[in-house]
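The data block below is work.cif; it holds mmCIF, C-alpha atoms.
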data_target
#
loop_
_atom_site.label_atom_id
_atom_site.label_comp_id
_atom_site.auth_asym_id
_atom_site.auth_seq_id
_atom_site.Cartn_x
_atom_site.Cartn_y
_atom_site.Cartn_z
CA MET A 18 84.12 137.66 196.13
CA ASN A 19 80.96 136.19 197.60
CA LYS A 20 80.31 132.85 195.84
CA VAL A 21 82.48 130.55 193.76
CA ALA A 22 80.85 127.53 192.13
CA ILE A 23 83.02 124.57 191.15
CA VAL A 24 81.47 122.24 188.58
CA GLY A 25 83.14 118.87 188.99
CA ALA A 26 83.78 117.50 192.46
CA GLY A 27 86.60 115.18 191.43
CA ARG A 28 90.13 115.49 192.70
CA VAL A 29 90.92 118.81 191.02
CA GLY A 30 87.63 120.32 192.13
CA GLU A 31 88.04 119.03 195.66
CA THR A 32 91.61 120.31 195.99
CA THR A 33 90.59 123.69 194.63
CA ALA A 34 87.70 123.94 197.10
CA GLN A 35 89.96 122.98 200.01
CA ILE A 36 92.50 125.70 199.19
CA LEU A 37 89.85 128.36 198.54
CA ALA A 38 88.20 127.51 201.86
CA GLU A 39 91.45 127.46 203.87
CA GLN A 40 92.52 130.81 202.46
CA GLU A 41 89.01 132.30 202.78
CA ILE A 42 89.25 133.62 199.24
CA CYS A 43 85.46 133.75 198.99
CA SER A 44 82.53 133.58 201.39
CA GLU A 45 80.79 130.57 199.85
CA ILE A 46 81.87 127.59 197.76
CA MET A 47 79.31 125.47 195.93
CA LEU A 48 80.49 122.12 194.54
CA ILE A 49 78.29 120.71 191.79
CA ASP A 50 78.55 117.23 190.29
CA VAL A 51 76.25 114.80 188.48
CA ARG A 52 77.24 111.90 190.74
CA PRO A 53 74.56 111.48 193.41
CA ASP A 54 75.72 112.65 196.85
CA ALA A 55 79.39 112.99 195.76
CA PRO A 56 79.64 116.80 195.97
CA GLN A 57 77.76 116.80 199.27
CA GLY A 58 80.28 114.35 200.69
CA VAL A 59 83.25 116.34 199.45
CA ALA A 60 81.80 119.56 200.87
CA LEU A 61 81.16 118.01 204.26
CA ASP A 62 84.67 116.56 204.41
CA ILE A 63 86.21 119.95 203.64
CA LEU A 64 83.96 121.73 206.09
CA GLN A 65 85.12 119.40 208.86
CA THR A 66 88.69 120.66 208.41
CA SER A 67 87.63 124.20 209.39
CA PRO A 68 88.51 123.76 213.11
CA PHE A 69 92.08 122.87 212.09
CA PHE A 70 92.59 125.58 209.49
CA ASN A 71 90.43 128.23 211.20
CA PHE A 72 88.22 129.21 208.29
CA ASP A 73 84.58 130.22 208.17
CA THR A 74 84.02 129.71 204.46
CA ARG A 75 80.67 128.10 203.77
CA VAL A 76 81.11 124.91 201.70
CA GLU A 77 78.15 123.05 200.19
CA GLY A 78 77.51 120.45 197.52
CA SER A 79 74.65 119.84 195.12
CA ASN A 80 73.57 117.74 192.16
CA ASP A 81 71.24 120.50 190.95
CA PRO A 82 72.62 122.97 188.37
CA ALA A 83 70.30 125.58 189.88
CA ALA A 84 72.83 125.79 192.72
CA LEU A 85 74.94 127.88 190.32
CA ALA A 86 72.64 130.81 191.04
CA GLY A 87 74.42 133.79 192.56
CA ALA A 88 77.91 132.63 191.64
CA ASP A 89 80.39 135.40 190.86
CA LEU A 90 82.77 132.91 189.29
CA VAL A 91 82.22 129.37 187.97
CA VAL A 92 85.26 127.07 187.84
CA VAL A 93 84.73 124.16 185.43
CA THR A 94 86.78 121.06 186.23
CA ALA A 95 84.27 118.44 185.06
CA GLY A 96 85.07 115.92 182.34
CA ILE A 97 86.80 112.63 181.81
CA PRO A 98 90.52 112.63 182.64
CA ARG A 99 93.02 111.26 180.19
CA LYS A 100 94.61 107.88 180.77
CA PRO A 101 98.28 106.96 180.36
CA GLY A 102 99.30 107.28 176.72
CA MET A 103 96.46 109.67 175.86
CA SER A 104 96.91 113.29 174.84
CA ARG A 105 94.69 116.07 176.12
CA SER A 106 93.07 116.25 172.68
CA ASP A 107 92.06 112.60 172.91
CA VAL A 108 89.34 113.48 175.44
CA LEU A 109 87.92 116.33 173.35
CA ASP A 110 84.90 114.59 171.86
CA THR A 111 83.58 113.43 175.22
CA ASN A 112 84.43 116.56 177.17
CA VAL A 113 82.96 119.02 174.70
CA ALA A 114 79.52 117.48 175.19
CA ILE A 115 79.95 117.80 178.96
CA ILE A 116 81.14 121.39 178.63
CA ASP A 117 78.23 122.34 176.36
CA ALA A 118 75.72 121.15 178.95
CA ILE A 119 77.54 122.96 181.76
CA THR A 120 77.74 126.14 179.69
CA ASP A 121 74.01 126.08 179.12
CA ASP A 122 73.46 125.62 182.86
CA ILE A 123 75.72 128.60 183.61
CA MET A 124 73.89 130.80 181.12
CA ARG A 125 70.56 129.77 182.62
CA HIS A 126 71.38 130.02 186.32
CA ALA A 127 74.41 132.35 186.60
CA PRO A 128 74.16 134.70 183.60
CA ASP A 129 76.37 137.37 185.19
CA ALA A 130 79.20 135.06 186.29
CA MET A 131 82.76 134.79 185.04
CA VAL A 132 83.89 131.34 183.86
CA LEU A 133 87.29 129.78 184.51
CA VAL A 134 87.74 126.65 182.38
CA VAL A 135 90.09 123.93 183.63
CA SER A 136 88.83 120.80 181.84
CA ASN A 137 91.01 119.47 179.03
CA PRO A 138 91.77 120.20 176.29
CA VAL A 139 91.55 123.55 178.06
CA ASP A 140 92.42 125.83 175.14
CA VAL A 141 89.74 124.37 172.88
CA LEU A 142 87.13 124.14 175.63
CA THR A 143 87.77 127.74 176.72
CA TRP A 144 87.17 128.80 173.11
CA ARG A 145 84.02 126.66 173.08
CA VAL A 146 82.54 128.27 176.20
CA TRP A 147 83.33 131.74 174.84
CA GLN A 148 81.80 130.88 171.47
CA ARG A 149 78.69 129.27 172.97
CA THR A 150 77.98 132.04 175.49
CA GLY A 151 78.79 134.96 173.24
CA TRP A 152 80.26 136.68 176.31
CA SER A 153 83.27 138.98 176.33
CA ARG A 154 86.71 137.46 176.75
CA GLU A 155 87.01 139.29 180.08
CA ARG A 156 84.45 136.84 181.49
CA VAL A 157 85.65 133.57 179.89
CA PHE A 158 89.22 132.37 180.33
CA GLY A 159 91.16 129.23 181.14
CA GLN A 160 93.80 127.87 183.49
CA ALA A 161 96.97 126.29 182.20
CA GLY A 162 99.84 128.76 182.02
CA VAL A 163 99.95 129.24 185.79
CA LEU A 164 100.25 125.48 186.19
CA ASP A 165 102.82 125.03 183.43
CA ALA A 166 104.92 127.91 184.78
CA SER A 167 104.80 126.46 188.30
CA ARG A 168 105.99 123.12 187.00
CA MET A 169 108.90 124.73 185.21
CA ALA A 170 109.77 126.75 188.30
CA ALA A 171 109.74 123.60 190.43
CA PHE A 172 112.07 121.84 187.99
CA ILE A 173 114.45 124.81 188.02
CA ALA A 174 114.44 124.81 191.82
CA MET A 175 115.23 121.09 191.81
CA GLU A 176 118.08 121.65 189.37
CA THR A 177 119.69 124.68 191.05
CA GLY A 178 118.81 124.23 194.70
CA PHE A 179 117.53 127.81 194.88
CA SER A 180 114.27 128.65 196.64
CA SER A 181 111.24 128.33 194.39
CA ARG A 182 110.04 131.63 195.88
CA ASP A 183 112.68 133.47 193.86
CA ILE A 184 112.00 131.73 190.55
CA THR A 185 109.84 133.34 187.87
CA THR A 186 108.99 131.48 184.68
CA LEU A 187 106.80 132.04 181.64
CA VAL A 188 105.07 129.42 179.48
CA LEU A 189 103.00 130.43 176.45
CA GLY A 190 100.92 128.60 173.86
CA GLY A 191 98.60 125.65 174.04
CA HIS A 192 98.45 123.43 177.09
CA GLY A 193 100.00 120.36 175.53
CA ASP A 194 103.11 119.00 173.87
CA SER A 195 103.43 122.18 171.80
CA MET A 196 103.46 124.58 174.76
CA VAL A 197 106.15 127.26 174.58
CA PRO A 198 108.32 127.79 177.68
CA VAL A 199 110.28 131.03 177.13
CA PRO A 200 113.68 130.87 178.90
CA ARG A 201 114.36 134.54 178.08
CA PHE A 202 111.71 135.53 180.61
CA CYS A 203 112.76 132.99 183.27
CA THR A 204 114.74 134.44 186.17
CA ILE A 205 115.98 133.66 189.67
CA ASN A 206 115.43 136.81 191.72
CA GLY A 207 115.81 138.87 188.56
CA ILE A 208 118.93 137.10 187.28
CA PRO A 209 118.49 135.16 184.00
CA VAL A 210 118.20 131.45 184.63
CA THR A 211 120.89 130.85 182.00
CA GLN A 212 123.38 132.20 184.54
CA PHE A 213 122.87 129.02 186.58
CA ILE A 214 121.78 126.30 184.15
CA SER A 215 123.51 125.12 180.99
CA GLU A 216 121.63 125.27 177.70
CA GLU A 217 121.51 121.48 177.52
CA ARG A 218 120.01 121.09 180.99
CA LEU A 219 117.59 123.95 180.32
CA GLN A 220 116.31 122.19 177.23
CA ASP A 221 115.77 119.07 179.34
CA ILE A 222 113.72 121.13 181.81
CA ILE A 223 111.68 122.64 178.98
CA GLN A 224 110.84 119.19 177.66
CA ARG A 225 110.01 117.94 181.14
CA THR A 226 107.69 120.92 181.57
CA ARG A 227 105.87 119.99 178.37
CA GLU A 228 105.45 116.46 179.69
CA GLY A 229 104.74 117.51 183.28
CA GLY A 230 101.17 116.25 183.43
CA ALA A 231 101.96 113.03 181.56
CA GLU A 232 104.85 112.29 183.94
CA ILE A 233 102.57 112.49 186.97
CA LEU A 234 99.90 110.43 185.23
CA ALA A 235 102.46 107.73 184.37
CA LEU A 236 103.73 107.62 187.96
CA ARG A 237 100.31 107.61 189.64
CA LYS A 238 98.76 105.37 186.98
CA ASN A 239 95.22 105.75 188.35
CA SER A 240 95.08 109.54 188.60
CA SER A 241 96.25 112.65 186.83
CA ALA A 242 97.63 115.66 188.70
CA TYR A 243 95.35 117.56 191.06
CA ASP A 244 97.40 119.25 193.81
CA ALA A 245 99.31 121.67 191.56
CA PRO A 246 96.26 122.30 189.33
CA GLY A 247 94.16 123.10 192.40
CA ALA A 248 96.79 125.51 193.70
CA SER A 249 97.04 127.16 190.28
CA ILE A 250 93.29 127.67 190.09
CA ALA A 251 93.27 129.13 193.61
CA ALA A 252 95.98 131.64 192.63
CA MET A 253 93.84 132.87 189.75
CA VAL A 254 90.67 133.04 191.87
CA ASP A 255 92.56 134.95 194.55
CA ALA A 256 93.77 137.50 192.00
CA ILE A 257 90.20 138.08 190.81
CA SER A 258 88.55 138.00 194.22
CA HIS A 259 90.91 140.59 195.67
CA GLY A 260 91.36 142.67 192.51
CA ARG A 261 95.11 142.22 192.75
CA LYS A 262 95.86 143.08 189.10
CA ARG A 263 98.26 140.14 188.90
CA LEU A 264 100.17 139.37 185.73
CA LEU A 265 99.68 135.64 185.15
CA PRO A 266 99.81 133.36 182.10
CA CYS A 267 96.23 132.33 181.31
CA VAL A 268 94.26 130.86 178.43
CA ALA A 269 92.71 133.90 176.73
CA ILE A 270 90.65 134.53 173.63
CA LEU A 271 93.02 136.28 171.24
CA GLN A 272 91.71 139.16 169.15
CA GLY A 273 94.74 139.86 166.99
CA GLU A 274 97.43 139.61 169.64
CA TYR A 275 100.39 137.47 168.56
CA GLY A 276 98.88 137.43 165.06
CA GLN A 277 96.02 135.15 166.14
CA LYS A 278 92.24 135.55 166.12
CA ASP A 279 89.29 133.33 167.07
CA ILE A 280 91.45 131.07 169.21
CA ALA A 281 92.16 130.52 172.91
CA MET A 282 95.83 130.33 173.87
CA GLY A 283 98.09 130.71 176.88
CA VAL A 284 99.46 134.27 177.08
CA PRO A 285 100.37 136.75 179.83
CA CYS A 286 97.20 138.35 181.21
CA VAL A 287 96.20 140.81 183.89
CA LEU A 288 93.63 139.45 186.34
CA ASP A 289 91.58 141.73 188.56
CA GLU A 290 88.00 142.04 189.83
CA ARG A 291 86.73 142.29 186.24
CA GLY A 292 88.23 138.91 185.37
CA LEU A 293 90.70 138.87 182.50
CA ALA A 294 91.30 142.60 182.32
CA GLU A 295 94.07 142.68 179.72
CA VAL A 296 96.11 140.52 177.37
CA VAL A 297 99.79 141.51 177.38
CA ALA A 298 101.35 141.25 173.92
CA LEU A 299 105.05 140.45 174.10
CA ASP A 300 107.56 141.26 171.39
CA LEU A 301 108.66 137.72 170.65
CA ARG A 302 111.86 136.88 168.84
CA GLU A 303 111.50 135.00 165.57
CA GLU A 304 112.24 131.58 167.07
CA GLU A 305 109.77 132.20 169.89
CA ALA A 306 107.14 133.51 167.49
CA ARG A 307 107.59 130.47 165.26
CA ALA A 308 107.08 128.11 168.21
CA PHE A 309 103.97 130.07 169.21
CA ARG A 310 102.56 129.78 165.68
CA ASP A 311 103.22 126.04 165.69
CA SER A 312 101.42 125.74 169.02
CA ALA A 313 98.51 127.79 167.67
CA ALA A 314 98.27 125.49 164.66
CA ALA A 315 97.87 122.49 166.96
CA VAL A 316 95.07 124.21 168.90
CA LEU A 317 93.36 125.34 165.69
CA ARG A 318 93.30 121.78 164.38
CA ASP A 319 91.15 120.78 167.35
CA ILE A 320 88.97 123.90 167.03
CA ASP A 321 88.46 123.23 163.33
CA ARG A 322 87.58 119.62 164.09
CA LEU A 323 85.04 120.87 166.59
CA LYS A 324 83.57 123.33 164.10
CA THR A 325 83.26 120.57 161.50
CA LYS A 326 81.46 118.22 163.91
CA THR A 327 78.95 120.91 164.94
CA SER A 328 78.37 122.55 161.57
#
For the structure just supplied, provide its representation as structure tokens.
Amino acid sequence: MNKVAIVGAGRVGETTAQILAEQEICSEIMLIDVRPDAPQGVALDILQTSPFFNFDTRVEGSNDPAALAGADLVVVTAGIPRKPGMSRSDVLDTNVAIIDAITDDIMRHAPDAMVLVVSNPVDVLTWRVWQRTGWSRERVFGQAGVLDASRMAAFIAMETGFSSRDITTLVLGGHGDSMVPVPRFCTINGIPVTQFISEERLQDIIQRTREGGAEILALRKNSSAYDAPGASIAAMVDAISHGRKRLLPCVAILQGEYGQKDIAMGVPCVLDERGLAEVVALDLREEEARAFRDSAAAVLRDIDRLKTKTS
């Protein structure tokens, strides 16, 4: 991949740019932000780490949306973060206006790009970008499942003492309190996680996964998470940049899969050089399917609210 543009040079955008640069996942990174000089400062700071991490990635910053031109992929992290006690949906009204403006800039300056939405509420905003652009779902998708799965894997590693490298987890649904961790697909080097963790402790881990972002926000007080989100974004960009055909949980526009249409939800997806190449439809058990439907209902409430406000 030649150029990745990151709209939003806050902590998530900065962390993402640092990882992409260190790993030389693309040739050029363009950070764009409305705050005067902020993206330029972030870019310069990252660039000055290149002698330590031995990368030649070009990193620049700009306040001009025209700097999107030539981007193969646009990562959108801009928007107001939630504060302690707020849900991701609480920032919808403000962030949708920001996303609309960014979407228009992307359509104007990078009409052939793919778009990876990170800003919250990510499911609703991914749907909004898809709806506003009219592009195929292969080109518009969101990040959440990779992050949620990594949080669950970290909690399982903490509980069992096993290496996180051997832990595979799966989290479906909306990125919020109604997300659906699926223990049946969680393993430690291929062995079901239930072999090592009691049902009671596993339920505690599932709940902690749902509250993973809120827990960090409550501890930090003045900042939401950015290290794990940045690493999750980089994993997705790497899969696309190198055409790895990785199977990762992503926010995808559903077109009948899981009984849902006209909605963006976290589901297993195949990422390659085309972007979101395929949605993998799992045969969920009734309890899992019910939880997924409940999660979809929560996302649809926000989408319907958005449709009502803009109709």
Please identify all polymer residues within 12 Å of Ala245 in chain A, counting only C-alpha atoms, omitting same-chain residues fewer than 5 positions from it, and present them as a compact mmCIF listing (two decimals) with C-alpha atoms, in the coordinates of the input.
# COMPACT_ATOMS: atom_id res chain seq x y z
CA ARG A 28 90.13 115.49 192.70
CA VAL A 29 90.92 118.81 191.02
CA GLY A 30 87.63 120.32 192.13
CA THR A 32 91.61 120.31 195.99
CA THR A 33 90.59 123.69 194.63
CA ILE A 36 92.50 125.70 199.19
CA GLN A 160 93.80 127.87 183.49
CA ALA A 161 96.97 126.29 182.20
CA GLY A 162 99.84 128.76 182.02
CA VAL A 163 99.95 129.24 185.79
CA LEU A 164 100.25 125.48 186.19
CA ASP A 165 102.82 125.03 183.43
CA ALA A 166 104.92 127.91 184.78
CA SER A 167 104.80 126.46 188.30
CA ARG A 168 105.99 123.12 187.00
CA MET A 169 108.90 124.73 185.21
CA ALA A 171 109.74 123.60 190.43
CA GLY A 229 104.74 117.51 183.28
CA GLY A 230 101.17 116.25 183.43
CA ILE A 233 102.57 112.49 186.97
CA ILE A 250 93.29 127.67 190.09
CA ALA A 251 93.27 129.13 193.61
CA ALA A 252 95.98 131.64 192.63
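Of note, CA of Pro285 in chain A and CA of Leu301 in chain A are spaced 12.4 Å apart.
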Using all atoms listed in the file, which residues sit within 8 Å of range 135-148 of chain A once same-chain residues fewer than 5 positions away are excluded, as a PDB file with C-alpha atoms, in the coordinates of the input?
ATOM      1  CA  VAL A  92      85.260 127.070 187.840  1.00  0.00           C
ATOM      2  CA  VAL A  93      84.730 124.160 185.430  1.00  0.00           C
ATOM      3  CA  THR A  94      86.780 121.060 186.230  1.00  0.00           C
ATOM      4  CA  ALA A  95      84.270 118.440 185.060  1.00  0.00           C
ATOM      5  CA  GLY A  96      85.070 115.920 182.340  1.00  0.00           C
ATOM      6  CA  PRO A  98      90.520 112.630 182.640  1.00  0.00           C
ATOM      7  CA  ARG A 105      94.690 116.070 176.120  1.00  0.00           C
ATOM      8  CA  SER A 106      93.070 116.250 172.680  1.00  0.00           C
ATOM      9  CA  VAL A 108      89.340 113.480 175.440  1.00  0.00           C
ATOM     10  CA  LEU A 109      87.920 116.330 173.350  1.00  0.00           C
ATOM     11  CA  ASN A 112      84.430 116.560 177.170  1.00  0.00           C
ATOM     12  CA  VAL A 113      82.960 119.020 174.700  1.00  0.00           C
ATOM     13  CA  ILE A 116      81.140 121.390 178.630  1.00  0.00           C
ATOM     14  CA  ASP A 117      78.230 122.340 176.360  1.00  0.00           C
ATOM     15  CA  THR A 120      77.740 126.140 179.690  1.00  0.00           C
ATOM     16  CA  SER A 153      83.270 138.980 176.330  1.00  0.00           C
ATOM     17  CA  ARG A 154      86.710 137.460 176.750  1.00  0.00           C
ATOM     18  CA  VAL A 157      85.650 133.570 179.890  1.00  0.00           C
ATOM     19  CA  PHE A 158      89.220 132.370 180.330  1.00  0.00           C
ATOM     20  CA  GLY A 159      91.160 129.230 181.140  1.00  0.00           C
ATOM     21  CA  GLN A 160      93.800 127.870 183.490  1.00  0.00           C
ATOM     22  CA  ALA A 161      96.970 126.290 182.200  1.00  0.00           C
ATOM     23  CA  GLY A 191      98.600 125.650 174.040  1.00  0.00           C
ATOM     24  CA  HIS A 192      98.450 123.430 177.090  1.00  0.00           C
ATOM     25  CA  VAL A 268      94.260 130.860 178.430  1.00  0.00           C
ATOM     26  CA  ALA A 269      92.710 133.900 176.730  1.00  0.00           C
ATOM     27  CA  ILE A 270      90.650 134.530 173.630  1.00  0.00           C
ATOM     28  CA  ASP A 279      89.290 133.330 167.070  1.00  0.00           C
ATOM     29  CA  ILE A 280      91.450 131.070 169.210  1.00  0.00           C
ATOM     30  CA  ALA A 281      92.160 130.520 172.910  1.00  0.00           C
ATOM     31  CA  MET A 282      95.830 130.330 173.870  1.00  0.00           C
ATOM     32  CA  GLY A 283      98.090 130.710 176.880  1.00  0.00           C
ATOM     33  CA  VAL A 316      95.070 124.210 168.900  1.00  0.00           C
ATOM     34  CA  ASP A 319      91.150 120.780 167.350  1.00  0.00           C
ATOM     35  CA  ILE A 320      88.970 123.900 167.030  1.00  0.00           C
TER      36      ILE A 320
END
Check: Do you know which residues the PyMOL selection byres ((chain A and resi 39) around 9) returns on this file, as a list in words?
Finding: Ala34, Gln35, Ile36, Leu37, Ala38, Gln40, Glu41, Ile42, Thr66, Ser67, Phe70, Asn71, Phe72, Asp73 and Thr74 of chain A
For the PyMOL selection byres ((chain A and resi 188) around 7), applied here, can you spell out every residue it catches as a PDB file with C-alpha atoms, keeping the file's coordinate frame?
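expr_16.pdb written:
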ATOM      1  CA  GLY A 162      99.840 128.760 182.020  1.00  0.00           C
ATOM      2  CA  ASP A 165     102.820 125.030 183.430  1.00  0.00           C
ATOM      3  CA  ALA A 166     104.920 127.910 184.780  1.00  0.00           C
ATOM      4  CA  THR A 186     108.990 131.480 184.680  1.00  0.00           C
ATOM      5  CA  LEU A 187     106.800 132.040 181.640  1.00  0.00           C
ATOM      6  CA  LEU A 189     103.000 130.430 176.450  1.00  0.00           C
ATOM      7  CA  MET A 196     103.460 124.580 174.760  1.00  0.00           C
ATOM      8  CA  VAL A 197     106.150 127.260 174.580  1.00  0.00           C
ATOM      9  CA  PRO A 198     108.320 127.790 177.680  1.00  0.00           C
ATOM     10  CA  VAL A 199     110.280 131.030 177.130  1.00  0.00           C
TER      11      VAL A 199
END
What residues have an atom no more than 12 Å from (117.5, 137.7, 196.2) in the file's own frame, counting only C-alpha atoms, and can you write them as a PDB file with C-alpha atoms, in the coordinates of the input?
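Output contents, as saved in point.pdb:
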ATOM      1  CA  PHE A 179     117.530 127.810 194.880  1.00  0.00           C
ATOM      2  CA  SER A 180     114.270 128.650 196.640  1.00  0.00           C
ATOM      3  CA  SER A 181     111.240 128.330 194.390  1.00  0.00           C
ATOM      4  CA  ARG A 182     110.040 131.630 195.880  1.00  0.00           C
ATOM      5  CA  ASP A 183     112.680 133.470 193.860  1.00  0.00           C
ATOM      6  CA  ILE A 184     112.000 131.730 190.550  1.00  0.00           C
ATOM      7  CA  THR A 204     114.740 134.440 186.170  1.00  0.00           C
ATOM      8  CA  ILE A 205     115.980 133.660 189.670  1.00  0.00           C
ATOM      9  CA  ASN A 206     115.430 136.810 191.720  1.00  0.00           C
ATOM     10  CA  GLY A 207     115.810 138.870 188.560  1.00  0.00           C
ATOM     11  CA  ILE A 208     118.930 137.100 187.280  1.00  0.00           C
TER      12      ILE A 208
END
Item checked: Resolved residues for the PyMOL selection byres ((chain A and resi 47-56) around 12) as a ChimeraX atom specification -> /A:19-35,37-38,43-46,57-64,74-96,115,118-119,122-123
Margin query: Counting only C-alpha atoms, which residue out of A:Val284, A:Ala174, A:Met18, A:Ile214 sits closest to Ala130 in chain A?
Written below: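 Among the listed residues, A:Met18 lies closest to Ala130 in chain A.
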Note to self: For a quick check of understanding, using only C-alpha atoms, which of A:Glu217, A:Leu133, A:Pro209, A:Ser195 has the smallest distance to Arg307 in chain A?
What the structure shows: A:Ser195
Note to self: Nearest residue to Arg201 in chain A out of A:Val296, A:Leu219, A:Ala256, A:Leu234, using all atoms listed in the file?
What the structure shows: A:Leu219
Checklist line | Between CA of Ser240 in chain A and CA of Ala313 in chain A - distance in Å to one decimal | finding: 28.0 Å
Note to self: Taking 5 positions as the minimum chain separation for residues in the same chain, which residues sit within 10 Å of Gly260 in chain A when counting all atoms listed in the file? Answer as a list in words.
What the structure shows: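 Counting only the stated atoms, we get Met18, Val254, Asp255, Leu288, Asp289, Glu290, Arg291 and Gly292 of chain A.
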